[in-house]
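Here's coords.cif, which has mmCIF, C-alpha atoms and all ligand atoms:
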data_query
#
loop_
_atom_site.label_atom_id
_atom_site.label_comp_id
_atom_site.auth_asym_id
_atom_site.auth_seq_id
_atom_site.Cartn_x
_atom_site.Cartn_y
_atom_site.Cartn_z
CA MET D 1289 37.62 7.57 -15.37
CA TYR D 1290 35.75 5.43 -12.89
CA ARG D 1291 34.87 1.78 -12.72
CA VAL D 1292 31.11 1.97 -12.20
CA PHE D 1293 28.66 -0.71 -11.12
CA SER D 1294 24.95 -0.44 -10.57
CA GLY D 1295 21.98 -2.77 -10.62
CA MET D 1296 18.21 -2.85 -10.64
CA ARG D 1297 15.90 -5.60 -9.50
CA PRO D 1298 13.62 -6.89 -12.26
CA THR D 1299 10.27 -6.28 -10.62
CA GLY D 1300 8.47 -5.04 -13.74
CA ARG D 1301 8.36 -2.17 -16.17
CA LEU D 1302 10.29 0.91 -15.12
CA HIS D 1303 8.66 4.31 -14.72
CA LEU D 1304 9.58 7.92 -15.31
CA GLY D 1305 10.95 8.16 -11.77
CA HIS D 1306 13.56 5.52 -12.62
CA MET D 1307 14.28 7.30 -15.87
CA ALA D 1308 14.70 10.81 -14.46
CA GLY D 1309 16.60 9.65 -11.39
CA ALA D 1310 18.89 6.74 -12.11
CA LEU D 1311 18.88 6.03 -15.82
CA THR D 1312 19.64 9.52 -17.12
CA ASN D 1313 22.79 9.42 -15.02
CA TRP D 1314 23.71 5.92 -16.07
CA VAL D 1315 23.48 6.96 -19.71
CA ALA D 1316 25.72 9.97 -19.07
CA LEU D 1317 28.25 7.86 -17.15
CA GLN D 1318 28.70 5.32 -19.95
CA GLU D 1319 30.38 7.97 -22.12
CA GLU D 1320 33.57 8.28 -20.11
CA ASN D 1321 33.68 5.44 -17.62
CA GLU D 1322 33.91 1.68 -17.53
CA CYS D 1323 30.33 0.83 -16.61
CA TYR D 1324 28.72 -2.43 -15.57
CA TYR D 1325 24.93 -2.39 -15.38
CA SER D 1326 23.23 -5.52 -14.17
CA ILE D 1327 19.65 -6.72 -13.95
CA VAL D 1328 19.95 -8.35 -10.55
CA ASP D 1329 17.60 -11.30 -10.80
CA TRP D 1330 18.99 -13.08 -7.73
CA HIS D 1331 18.12 -10.01 -5.68
CA ALA D 1332 14.54 -10.08 -7.01
CA LEU D 1333 14.27 -13.72 -6.00
CA MET D 1334 15.34 -12.92 -2.45
CA SER D 1335 12.02 -11.22 -1.77
CA ASP D 1336 9.85 -12.82 -4.47
CA TYR D 1337 10.96 -16.44 -4.21
CA ALA D 1338 7.40 -17.61 -3.55
CA ASP D 1339 6.24 -16.62 -7.03
CA PRO D 1340 8.94 -16.47 -9.69
CA SER D 1341 6.41 -16.70 -12.54
CA LYS D 1342 7.03 -13.10 -13.68
CA LEU D 1343 10.79 -13.00 -13.21
CA ARG D 1344 11.81 -13.91 -16.75
CA GLY D 1345 9.33 -11.51 -18.35
CA ASN D 1346 10.28 -8.72 -15.96
CA THR D 1347 13.96 -9.21 -16.76
CA MET D 1348 13.22 -8.63 -20.45
CA GLU D 1349 11.07 -5.57 -19.68
CA VAL D 1350 13.88 -3.96 -17.72
CA LEU D 1351 16.32 -4.71 -20.51
CA LEU D 1352 14.00 -3.09 -23.07
CA ASP D 1353 13.52 -0.02 -20.86
CA TRP D 1354 17.27 0.33 -20.40
CA LEU D 1355 17.95 0.13 -24.12
CA ALA D 1356 15.03 2.46 -24.86
CA VAL D 1357 16.42 5.26 -22.69
CA GLY D 1358 19.81 4.95 -24.33
CA LEU D 1359 22.04 2.55 -22.47
CA ASP D 1360 24.32 1.43 -25.25
CA PRO D 1361 25.75 -2.11 -25.25
CA GLU D 1362 28.72 -0.78 -27.23
CA LYS D 1363 29.61 1.58 -24.41
CA CYS D 1364 28.79 -0.38 -21.26
CA ALA D 1365 28.27 -3.96 -20.15
CA ILE D 1366 24.55 -4.76 -19.86
CA PHE D 1367 23.90 -8.16 -18.38
CA VAL D 1368 21.80 -10.39 -16.15
CA GLN D 1369 23.34 -11.07 -12.75
CA SER D 1370 22.71 -14.83 -12.82
CA HIS D 1371 24.60 -15.11 -16.13
CA VAL D 1372 27.85 -14.13 -14.43
CA LYS D 1373 28.49 -16.85 -11.88
CA GLU D 1374 31.31 -14.93 -10.21
CA HIS D 1375 28.76 -12.86 -8.29
CA ILE D 1376 27.63 -16.00 -6.51
CA GLU D 1377 31.14 -17.25 -5.95
CA LEU D 1378 32.19 -14.03 -4.27
CA HIS D 1379 28.94 -14.03 -2.29
CA MET D 1380 29.99 -17.37 -0.83
CA ALA D 1381 33.48 -16.12 -0.01
CA LEU D 1382 32.21 -12.93 1.64
CA SER D 1383 29.57 -14.81 3.59
CA MET D 1384 32.39 -16.55 5.49
CA ILE D 1385 33.57 -13.29 7.02
CA MET D 1386 30.32 -11.30 7.17
CA PRO D 1387 29.46 -10.84 10.85
CA LEU D 1388 25.87 -11.81 11.56
CA GLY D 1389 25.47 -8.74 13.74
CA TRP D 1390 26.10 -6.39 10.80
CA LEU D 1391 23.31 -8.05 8.86
CA GLU D 1392 20.87 -8.16 11.75
CA ARG D 1393 21.46 -4.47 12.51
CA ASN D 1394 21.01 -3.41 8.86
CA PRO D 1395 18.22 -0.78 8.99
CA THR D 1396 16.93 -1.64 5.51
CA TYR D 1397 16.49 -5.26 6.56
CA LYS D 1398 14.41 -4.37 9.61
CA GLU D 1399 12.35 -1.92 7.59
CA GLN D 1400 11.59 -4.39 4.79
CA ILE D 1401 10.58 -7.11 7.21
CA LEU D 1402 8.07 -4.67 8.71
CA ASN D 1403 6.87 -3.16 5.43
CA LEU D 1404 6.46 -6.32 3.40
CA GLN D 1405 4.36 -8.25 5.88
CA ASN D 1406 2.67 -10.22 3.12
CA LYS D 1407 5.99 -11.90 2.35
CA ASP D 1408 7.92 -14.14 4.69
CA LEU D 1409 11.33 -12.57 4.56
CA SER D 1410 12.87 -14.34 7.52
CA THR D 1411 15.05 -16.43 5.25
CA TYR D 1412 18.77 -17.02 5.14
CA GLY D 1413 18.88 -15.62 1.60
CA PHE D 1414 17.16 -12.36 2.38
CA LEU D 1415 19.29 -11.70 5.44
CA GLY D 1416 22.27 -11.94 3.11
CA TYR D 1417 20.97 -9.31 0.66
CA PRO D 1418 23.84 -6.90 1.46
CA VAL D 1419 26.40 -9.69 1.05
CA LEU D 1420 25.27 -10.28 -2.50
CA MET D 1421 25.11 -6.57 -3.18
CA ALA D 1422 28.69 -6.16 -1.92
CA SER D 1423 29.70 -9.05 -4.18
CA ASP D 1424 28.07 -7.39 -7.20
CA ILE D 1425 30.18 -4.30 -6.66
CA LEU D 1426 33.45 -5.78 -5.40
CA VAL D 1427 33.71 -8.51 -8.01
CA TYR D 1428 34.38 -5.66 -10.50
CA LYS D 1429 36.45 -3.67 -7.98
CA ALA D 1430 34.09 -0.84 -8.82
CA ASN D 1431 34.91 2.44 -7.14
CA GLN D 1432 31.71 4.35 -7.89
CA VAL D 1433 28.15 3.13 -7.39
CA PRO D 1434 25.35 5.42 -8.61
CA VAL D 1435 22.34 4.62 -6.42
CA GLY D 1436 19.67 6.44 -4.47
CA GLU D 1437 20.05 7.59 -0.89
CA ASP D 1438 17.92 4.59 0.18
CA GLN D 1439 20.88 2.33 -0.63
CA SER D 1440 23.44 4.14 1.49
CA ALA D 1441 23.28 1.69 4.41
CA HIS D 1442 23.95 -1.15 1.97
CA LEU D 1443 26.86 0.72 0.43
CA GLU D 1444 28.33 1.31 3.87
CA LEU D 1445 28.21 -2.44 4.50
CA SER D 1446 29.95 -3.03 1.17
CA ARG D 1447 32.78 -0.76 2.26
CA GLU D 1448 33.02 -2.44 5.64
CA ILE D 1449 33.18 -5.93 4.20
CA ALA D 1450 35.82 -4.80 1.68
CA ARG D 1451 37.91 -3.47 4.53
CA ARG D 1452 37.46 -6.65 6.52
CA PHE D 1453 38.45 -8.83 3.56
CA ASN D 1454 41.52 -6.69 2.92
CA HIS D 1455 42.43 -6.94 6.59
CA PHE D 1456 42.21 -10.75 6.60
CA TYR D 1457 43.72 -11.54 3.22
CA GLY D 1458 45.34 -8.40 1.81
CA ASN D 1459 48.81 -8.95 3.30
CA GLY D 1460 48.90 -5.33 4.32
CA GLY D 1461 47.68 -4.26 0.88
CA GLU D 1462 44.30 -3.86 -0.70
CA ILE D 1463 42.44 -6.45 -2.73
CA PHE D 1464 39.15 -4.59 -2.88
CA PRO D 1465 38.94 -0.80 -3.19
CA GLU D 1466 36.21 0.72 -1.03
CA PRO D 1467 33.30 1.63 -3.30
CA ALA D 1468 31.86 5.16 -3.00
CA ILE D 1469 28.20 5.99 -3.30
CA MET D 1470 27.62 8.37 -6.21
CA LEU D 1471 24.63 10.51 -5.33
CA THR D 1472 23.57 12.11 -8.58
CA PRO D 1473 20.80 14.71 -9.06
CA ASN D 1474 17.42 13.12 -8.58
CA PRO D 1475 14.63 15.33 -9.93
CA LYS D 1476 11.31 15.04 -8.15
CA ILE D 1477 8.90 13.04 -10.30
CA PRO D 1478 5.66 12.49 -8.38
CA GLY D 1479 3.02 9.97 -9.38
CA THR D 1480 -0.42 10.86 -10.72
CA ASP D 1481 -1.82 11.16 -7.17
CA GLY D 1482 0.96 13.48 -6.03
CA ARG D 1483 2.68 10.84 -3.90
CA LYS D 1484 6.11 9.40 -4.72
CA MET D 1485 5.88 7.50 -8.01
CA SER D 1486 5.74 3.80 -7.33
CA LYS D 1487 4.32 0.79 -9.07
CA SER D 1488 2.83 -0.45 -5.80
CA TYR D 1489 0.80 2.77 -5.42
CA GLY D 1490 -0.65 2.35 -8.92
CA ASN D 1491 0.26 5.97 -9.70
CA SER D 1492 3.11 5.48 -12.13
CA LEU D 1493 3.80 6.79 -15.59
CA ASP D 1494 5.78 4.01 -17.23
CA ILE D 1495 8.58 4.43 -19.73
CA ALA D 1496 6.76 1.98 -21.99
CA ASP D 1497 3.39 3.78 -21.74
CA GLU D 1498 2.38 4.94 -25.23
CA ILE D 1499 1.73 8.65 -25.71
CA PRO D 1500 -2.10 8.27 -25.56
CA VAL D 1501 -1.74 6.38 -22.28
CA LEU D 1502 0.54 9.06 -20.83
CA ASP D 1503 -1.89 11.70 -22.08
CA LYS D 1504 -4.81 10.02 -20.35
CA LYS D 1505 -2.90 9.57 -17.09
CA ILE D 1506 -1.69 13.17 -17.08
CA ARG D 1507 -5.14 14.54 -17.94
CA THR D 1508 -6.50 13.04 -14.73
CA MET D 1509 -3.37 13.76 -12.72
CA MET D 1510 -3.70 15.63 -9.46
CA THR D 1511 -2.84 19.36 -9.44
CA ASP D 1512 -2.62 22.00 -6.71
CA PRO D 1513 -5.59 21.01 -4.49
CA ALA D 1514 -6.37 24.72 -4.00
CA ARG D 1515 -7.48 24.91 -7.65
CA GLU D 1516 -10.82 23.19 -7.34
CA ARG D 1517 -12.47 25.37 -9.94
CA ARG D 1518 -11.10 26.96 -13.08
CA THR D 1519 -11.38 30.38 -11.39
CA ASP D 1520 -9.34 29.38 -8.31
CA LYS D 1521 -5.77 30.64 -8.25
CA GLY D 1522 -2.99 28.09 -7.87
CA GLU D 1523 0.61 27.79 -6.84
CA PRO D 1524 2.94 25.81 -9.16
CA GLY D 1525 5.16 24.94 -6.18
CA LYS D 1526 2.30 22.89 -4.77
CA CYS D 1527 1.42 21.14 -8.03
CA PRO D 1528 2.78 17.70 -9.00
CA VAL D 1529 2.17 18.47 -12.69
CA TRP D 1530 4.55 21.38 -12.27
CA ASP D 1531 7.30 18.98 -11.15
CA LEU D 1532 6.88 17.27 -14.52
CA HIS D 1533 7.22 20.62 -16.29
CA ARG D 1534 10.46 21.15 -14.40
CA PHE D 1535 11.86 17.94 -15.82
CA PHE D 1536 10.33 17.78 -19.30
CA ASN D 1537 9.88 21.40 -20.31
CA PRO D 1538 13.10 23.09 -21.46
CA ASP D 1539 11.29 26.30 -22.50
CA ALA D 1540 11.92 28.77 -19.65
CA GLU D 1541 9.81 31.48 -21.22
CA GLN D 1542 6.81 29.22 -21.60
CA LYS D 1543 7.25 27.98 -18.04
CA ALA D 1544 7.21 31.56 -16.73
CA GLU D 1545 3.97 32.22 -18.64
CA LEU D 1546 2.34 29.05 -17.36
CA ALA D 1547 3.34 29.77 -13.77
CA ASP D 1548 1.94 33.25 -14.04
CA GLY D 1549 -1.26 31.94 -15.64
CA CYS D 1550 -1.65 29.46 -12.78
CA ARG D 1551 -1.13 32.06 -10.06
CA THR D 1552 -3.63 34.47 -11.64
CA ALA D 1553 -6.10 31.80 -12.77
CA GLY D 1554 -5.47 33.13 -16.27
CA ILE D 1555 -5.15 29.56 -17.53
CA GLY D 1556 -6.70 26.30 -16.37
CA CYS D 1557 -4.92 23.07 -15.41
CA ILE D 1558 -6.02 21.54 -18.71
CA ASP D 1559 -4.08 24.22 -20.62
CA CYS D 1560 -1.00 23.62 -18.51
CA LYS D 1561 -1.25 19.85 -19.01
CA LYS D 1562 -1.66 20.25 -22.77
CA ALA D 1563 1.54 22.27 -22.90
CA LEU D 1564 3.28 19.61 -20.81
CA MET D 1565 2.17 16.80 -23.13
CA VAL D 1566 3.91 18.47 -26.08
CA HIS D 1567 7.22 18.25 -24.21
CA VAL D 1568 6.56 14.77 -22.83
CA THR D 1569 5.84 13.60 -26.38
CA GLU D 1570 9.01 15.16 -27.69
CA HIS D 1571 11.05 13.51 -24.95
CA MET D 1572 9.40 10.09 -25.02
CA ALA D 1573 8.73 9.52 -28.74
CA PRO D 1574 12.34 8.60 -29.63
CA ILE D 1575 12.49 6.40 -26.51
CA HIS D 1576 9.38 4.52 -27.58
CA GLU D 1577 10.71 4.19 -31.09
CA ARG D 1578 13.91 2.63 -29.81
CA ARG D 1579 11.96 0.31 -27.52
CA LYS D 1580 9.86 -0.92 -30.45
CA ARG D 1581 12.91 -1.45 -32.58
CA PHE D 1582 14.44 -3.74 -29.93
CA GLU D 1583 11.13 -5.48 -29.22
CA SER D 1584 10.91 -6.58 -32.83
CA LYS D 1585 14.35 -8.20 -32.69
CA MET D 1586 14.23 -10.48 -29.68
CA GLY D 1587 17.22 -12.47 -30.99
CA ASP D 1588 19.38 -9.35 -30.78
CA LEU D 1589 18.51 -9.04 -27.12
CA ASP D 1590 20.04 -12.45 -26.44
CA ASP D 1591 23.19 -11.30 -28.21
CA ILE D 1592 23.33 -8.08 -26.20
CA LEU D 1593 23.01 -10.00 -22.95
CA SER D 1594 25.60 -12.60 -23.84
CA ALA D 1595 28.08 -9.96 -25.00
CA GLY D 1596 27.44 -8.04 -21.76
CA ALA D 1597 27.90 -11.14 -19.63
CA LYS D 1598 31.13 -11.96 -21.45
CA LYS D 1599 32.54 -8.48 -20.89
CA ALA D 1600 31.54 -8.62 -17.23
CA GLN D 1601 32.88 -12.13 -16.79
CA GLU D 1602 36.33 -11.14 -18.02
CA CYS D 1603 36.64 -8.57 -15.27
CA ALA D 1604 34.93 -10.64 -12.57
CA GLY D 1605 36.98 -13.73 -13.48
CA ARG D 1606 40.23 -11.89 -12.85
CA THR D 1607 39.03 -10.85 -9.40
CA MET D 1608 37.94 -14.37 -8.53
CA SER D 1609 41.31 -15.90 -9.46
CA GLU D 1610 42.86 -13.51 -6.99
CA VAL D 1611 40.23 -14.35 -4.36
CA TYR D 1612 40.70 -18.12 -4.68
CA GLU D 1613 44.43 -17.60 -4.43
CA VAL D 1614 44.36 -15.52 -1.23
CA LEU D 1615 41.79 -17.89 0.31
CA GLY D 1616 44.33 -20.66 -0.09
CA MET D 1617 42.17 -22.80 -2.32
CA LEU D 1618 43.69 -25.34 -4.63
CA ALA D 1619 43.48 -24.26 -8.25
CA PRO D 1620 42.06 -26.92 -10.59
CA ASN D 1621 44.90 -28.80 -12.27
CA ALA D 1622 47.47 -27.09 -10.06
CA GLY D 1623 49.52 -30.28 -9.93
CA ARG D 1624 50.02 -30.40 -13.66
CA GLN D 1625 51.34 -26.87 -13.92
N1 LIG D 1701 19.65 -3.05 -3.87
C1 LIG D 1701 19.53 -2.27 -5.07
C2 LIG D 1701 18.10 -1.70 -5.14
O1 LIG D 1701 17.19 -2.27 -4.62
C3 LIG D 1701 19.81 -3.09 -6.32
C4 LIG D 1701 21.22 -3.59 -6.33
C5 LIG D 1701 21.64 -4.88 -6.16
C6 LIG D 1701 22.39 -2.81 -6.50
N2 LIG D 1701 22.99 -4.96 -6.22
C7 LIG D 1701 23.48 -3.71 -6.41
C8 LIG D 1701 22.62 -1.46 -6.69
C9 LIG D 1701 24.81 -3.27 -6.50
C10 LIG D 1701 23.94 -1.01 -6.77
C11 LIG D 1701 25.01 -1.93 -6.68
O2 LIG D 1701 17.92 -0.68 -5.76
#
Show me, as C-alpha cells, the structure contained in the file I just sent.
Amino acid sequence: MYRVFSGMRPTGRLHLGHMAGALTNWVALQEENECYYSIVDWHALMSDYADPSKLRGNTMEVLLDWLAVGLDPEKCAIFVQSHVKEHIELHMALSMIMPLGWLERNPTYKEQILNLQNKDLSTYGFLGYPVLMASDILVYKANQVPVGEDQSAHLELSREIARRFNHFYGNGGEIFPEPAIMLTPNPKIPGTDGRKMSKSYGNSLDIADEIPVLDKKIRTMMTDPARERRTDKGEPGKCPVWDLHRFFNPDAEQKAELADGCRTAGIGCIDCKKALMVHVTEHMAPIHERRKRFESKMGDLDDILSAGAKKAQECAGRTMSEVYEVLGMLAPNAGRQ
C-alpha cells in the first residue's frame, strides 16, 4: 500500500486525454492505497494571476469531472489545495533551503517562460512553482506520485529538496521519504486535428461534452490523410480515429474487421466513426450521468470538499508539527505545558 499524492491545476474542463491518461489510473489507485488528490488552485494562480476571474468556476469543473470519472470521496481525499493551509506553511519552510540555482536551472521553468510569452512569468511566485509542488507531496510524506513524464524534472527537485531537508534537520534520520514518480500507462488520445489533445489547440473532446457534441466532433475528426476519397485505401496506424478505437473499443473482432475494411477501402471513415461512437457512448454515458447527478446537488460538493480537506489536514498537520519542532520554532502556548 502506497501513500499517493497527485494534483491538477484548475484551468478548465478536463478532456479525454486527462481521463485516459491520469484519471483512469487515479481511480484504480484509490482502491488499495491512501490517496490524496488535490485541485491545486495556488499553482493555477502562479501563471494566471493576472486574470483570476475563471478560477473558482474552473475549480468546480475539475471537481465535477473527477467525480464523474469515478474518484470516490469515500475512498480517497479530494480537496482544494488552498483549503489545506499546511501546503503553504511547508512551502515557506522549504523556500528557506531551496537553492536559487536549482530553480533557475529547472528546464520546465525556462520552457514555460519561452512558451507562454503572453504572460509575464518572471515573478517570485512562479519561480517557486517546484517548491510548492514539493510541499504538496512532502506534506503528506507521499511515496508515489502518479504524473506524466513532463513532470519528471519537478519530481526530481522534490526528491532533492527532501534529501536536503533531511540532511539539515533529520538528525541522521529521515523526516521526508523521497517521493517516486509513478509512470502509468498513458494511451495515445489525439485531438480532432490529429495533434496532441489540448484545450489551447481547440481540438479537445471534453469529458463533459454531451454525446451529440462528441458525435459531431468525431464526425469531422481527421483520419488517415491518404484516404481523401471513399475509394482510397487507408492505414489504421496513421489514423487518429483509430487511436480512439484502441482506447474505447473492447471488441477485438470488430476492430480486426474495421482495420481490414480500412486497408481495403471496403468501408469508409464514416462507417468506422459510427462504430466508434457506439463504444464512446457506452463508455461516456454513465460518466455523464454521474456528472449530472453531482451538478444538481451543489451543496453536496461543498461537503465533499470539506471532508476531503479535513482528511488531508489530519495528515498534513502531523507533518507540520514535526517540521516546526525540528526548525526550532516555539510552539504556541509552550510555556503553559
Ligand atoms: N505541476 C503539475 C501539473 O502541471 C500539477 C501539480 C501540482 C502536481 N502539485 C503537484 C502534480 C504535486 C503532482 C504532485 O500537472
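Comparing D:Val1614, D:Cys1550, D:Val1315, D:Ile1376 by their smallest distance to Arg1517 in chain D, the closest is D:Cys1550 (using all atoms listed in the file).
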### Message
Just to confirm, what's the straight-line distance from CA of Asp1503 in chain D to CA of Lys1342 in chain D in Å (one decimal)?
### Response
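Between CA of Asp1503 in chain D and CA of Lys1342 in chain D the gap works out to 27.7 Å.
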### Task
Using all atoms listed in the file, determine which residues lie at most 10 Å from range 1459-1475 of chain D, disregarding the query and same-chain residues fewer than 5 positions distant; provide the list as a PyMOL selection string.
chain D and resi 1291-1293+1305-1310+1312-1314+1422+1425-1437+1439-1440+1442-1444+1446-1454+1531-1532+1534-1535+1607+1610-1611+1614
Those same residues, written as a PDB file, in the coordinates of the input with C-alpha atoms?
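Final output, saved to out-v4.pdb:
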ATOM      1  CA  ARG D1291      34.870   1.780 -12.720  1.00  0.00           C
ATOM      2  CA  VAL D1292      31.110   1.970 -12.200  1.00  0.00           C
ATOM      3  CA  PHE D1293      28.660  -0.710 -11.120  1.00  0.00           C
ATOM      4  CA  GLY D1305      10.950   8.160 -11.770  1.00  0.00           C
ATOM      5  CA  HIS D1306      13.560   5.520 -12.620  1.00  0.00           C
ATOM      6  CA  MET D1307      14.280   7.300 -15.870  1.00  0.00           C
ATOM      7  CA  ALA D1308      14.700  10.810 -14.460  1.00  0.00           C
ATOM      8  CA  GLY D1309      16.600   9.650 -11.390  1.00  0.00           C
ATOM      9  CA  ALA D1310      18.890   6.740 -12.110  1.00  0.00           C
ATOM     10  CA  THR D1312      19.640   9.520 -17.120  1.00  0.00           C
ATOM     11  CA  ASN D1313      22.790   9.420 -15.020  1.00  0.00           C
ATOM     12  CA  TRP D1314      23.710   5.920 -16.070  1.00  0.00           C
ATOM     13  CA  ALA D1422      28.690  -6.160  -1.920  1.00  0.00           C
ATOM     14  CA  ILE D1425      30.180  -4.300  -6.660  1.00  0.00           C
ATOM     15  CA  LEU D1426      33.450  -5.780  -5.400  1.00  0.00           C
ATOM     16  CA  VAL D1427      33.710  -8.510  -8.010  1.00  0.00           C
ATOM     17  CA  TYR D1428      34.380  -5.660 -10.500  1.00  0.00           C
ATOM     18  CA  LYS D1429      36.450  -3.670  -7.980  1.00  0.00           C
ATOM     19  CA  ALA D1430      34.090  -0.840  -8.820  1.00  0.00           C
ATOM     20  CA  ASN D1431      34.910   2.440  -7.140  1.00  0.00           C
ATOM     21  CA  GLN D1432      31.710   4.350  -7.890  1.00  0.00           C
ATOM     22  CA  VAL D1433      28.150   3.130  -7.390  1.00  0.00           C
ATOM     23  CA  PRO D1434      25.350   5.420  -8.610  1.00  0.00           C
ATOM     24  CA  VAL D1435      22.340   4.620  -6.420  1.00  0.00           C
ATOM     25  CA  GLY D1436      19.670   6.440  -4.470  1.00  0.00           C
ATOM     26  CA  GLU D1437      20.050   7.590  -0.890  1.00  0.00           C
ATOM     27  CA  GLN D1439      20.880   2.330  -0.630  1.00  0.00           C
ATOM     28  CA  SER D1440      23.440   4.140   1.490  1.00  0.00           C
ATOM     29  CA  HIS D1442      23.950  -1.150   1.970  1.00  0.00           C
ATOM     30  CA  LEU D1443      26.860   0.720   0.430  1.00  0.00           C
ATOM     31  CA  GLU D1444      28.330   1.310   3.870  1.00  0.00           C
ATOM     32  CA  SER D1446      29.950  -3.030   1.170  1.00  0.00           C
ATOM     33  CA  ARG D1447      32.780  -0.760   2.260  1.00  0.00           C
ATOM     34  CA  GLU D1448      33.020  -2.440   5.640  1.00  0.00           C
ATOM     35  CA  ILE D1449      33.180  -5.930   4.200  1.00  0.00           C
ATOM     36  CA  ALA D1450      35.820  -4.800   1.680  1.00  0.00           C
ATOM     37  CA  ARG D1451      37.910  -3.470   4.530  1.00  0.00           C
ATOM     38  CA  ARG D1452      37.460  -6.650   6.520  1.00  0.00           C
ATOM     39  CA  PHE D1453      38.450  -8.830   3.560  1.00  0.00           C
ATOM     40  CA  ASN D1454      41.520  -6.690   2.920  1.00  0.00           C
ATOM     41  CA  ASP D1531       7.300  18.980 -11.150  1.00  0.00           C
ATOM     42  CA  LEU D1532       6.880  17.270 -14.520  1.00  0.00           C
ATOM     43  CA  ARG D1534      10.460  21.150 -14.400  1.00  0.00           C
ATOM     44  CA  PHE D1535      11.860  17.940 -15.820  1.00  0.00           C
ATOM     45  CA  THR D1607      39.030 -10.850  -9.400  1.00  0.00           C
ATOM     46  CA  GLU D1610      42.860 -13.510  -6.990  1.00  0.00           C
ATOM     47  CA  VAL D1611      40.230 -14.350  -4.360  1.00  0.00           C
ATOM     48  CA  VAL D1614      44.360 -15.520  -1.230  1.00  0.00           C
TER      49      VAL D1614
END
### Task
Would you please work out which residue, of D:Met1421, D:Ala1381, D:Leu1589, D:Val1368, is nearest to ligand LIG 1701 (chain D) when using all atoms listed in the file?
D:Met1421
Within 8 Å of Leu1382 in chain D, counting only C-alpha atoms, which residues show up once you throw out same-chain ones fewer than 3 positions away? Write them as a tab-separated table (two decimals) with C-alpha atoms, in the frame of the given file, please.
chain	number	residue	atom	x	y	z
D	1378	LEU	CA	32.19	-14.03	-4.27
D	1379	HIS	CA	28.94	-14.03	-2.29
D	1385	ILE	CA	33.57	-13.29	7.02
D	1386	MET	CA	30.32	-11.30	7.17
D	1419	VAL	CA	26.40	-9.69	1.05
D	1423	SER	CA	29.70	-9.05	-4.18
D	1449	ILE	CA	33.18	-5.93	4.20
D	1453	PHE	CA	38.45	-8.83	3.56
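Closest approach to ligand LIG 1701 (chain D) from the set D:Asp1329, D:Glu1362, D:Asp1559, D:Asp1590 is made by D:Asp1329, with distances taken over all atoms listed in the file.
The interatomic distance for the pair CA of Glu1577 in chain D and CA of Asn1321 in chain D works out to 26.7 Å.
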Could you list, as a PDB file with C-alpha atoms, in the frame of the given file, every residue within 10 Å of Asp1408 in chain D, counting only C-alpha atoms and ignoring same-chain residues fewer than 5 positions away?
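Output saved as selection-v3.pdb:
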ATOM      1  CA  SER D1335      12.020 -11.220  -1.770  1.00  0.00           C
ATOM      2  CA  ASP D1336       9.850 -12.820  -4.470  1.00  0.00           C
ATOM      3  CA  TYR D1337      10.960 -16.440  -4.210  1.00  0.00           C
ATOM      4  CA  ALA D1338       7.400 -17.610  -3.550  1.00  0.00           C
ATOM      5  CA  ILE D1401      10.580  -7.110   7.210  1.00  0.00           C
ATOM      6  CA  PHE D1414      17.160 -12.360   2.380  1.00  0.00           C
TER       7      PHE D1414
END
### Query
Could you work out how far CA of Pro1513 in chain D lies from CA of Lys1561 in chain D, giving the answer in Å with one decimal?
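Separation of CA of Lys1561 in chain D and CA of Pro1513 in chain D: 15.2 Å.
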### Task
With a distance cut-off of 9 Å and only C-alpha atoms, select the neighbouring residues of Gly1300 in chain D, excluding the residue or stretch itself and same-chain residues fewer than 6 positions from it, and output the selection as a count of residues only.
9
### Message
What's around Leu1409 in chain D at 12 Å? Count all atoms listed in the file, leave out sequence neighbours fewer than 4 positions away in its own chain, and write the answer as a list of chain:residue names.
### Response
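Final neighbour list, sorted by chain and number: D:Leu1333, D:Met1334, D:Ser1335, D:Asp1336, D:Tyr1337, D:Ala1338, D:Tyr1397, D:Lys1398, D:Glu1399, D:Gln1400, D:Ile1401, D:Leu1402, D:Asn1403, D:Leu1404, D:Gln1405, D:Gly1413, D:Phe1414, D:Leu1415, D:Gly1416, D:Tyr1417.
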### Residue nearest ligand LIG 1701 (chain D) among D:Arg1551, D:His1375, D:Arg1301, D:His1576 (counting only C-alpha atoms and all ligand atoms)
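The shortest atom-to-atom distance to ligand LIG 1701 (chain D) comes from D:His1375.
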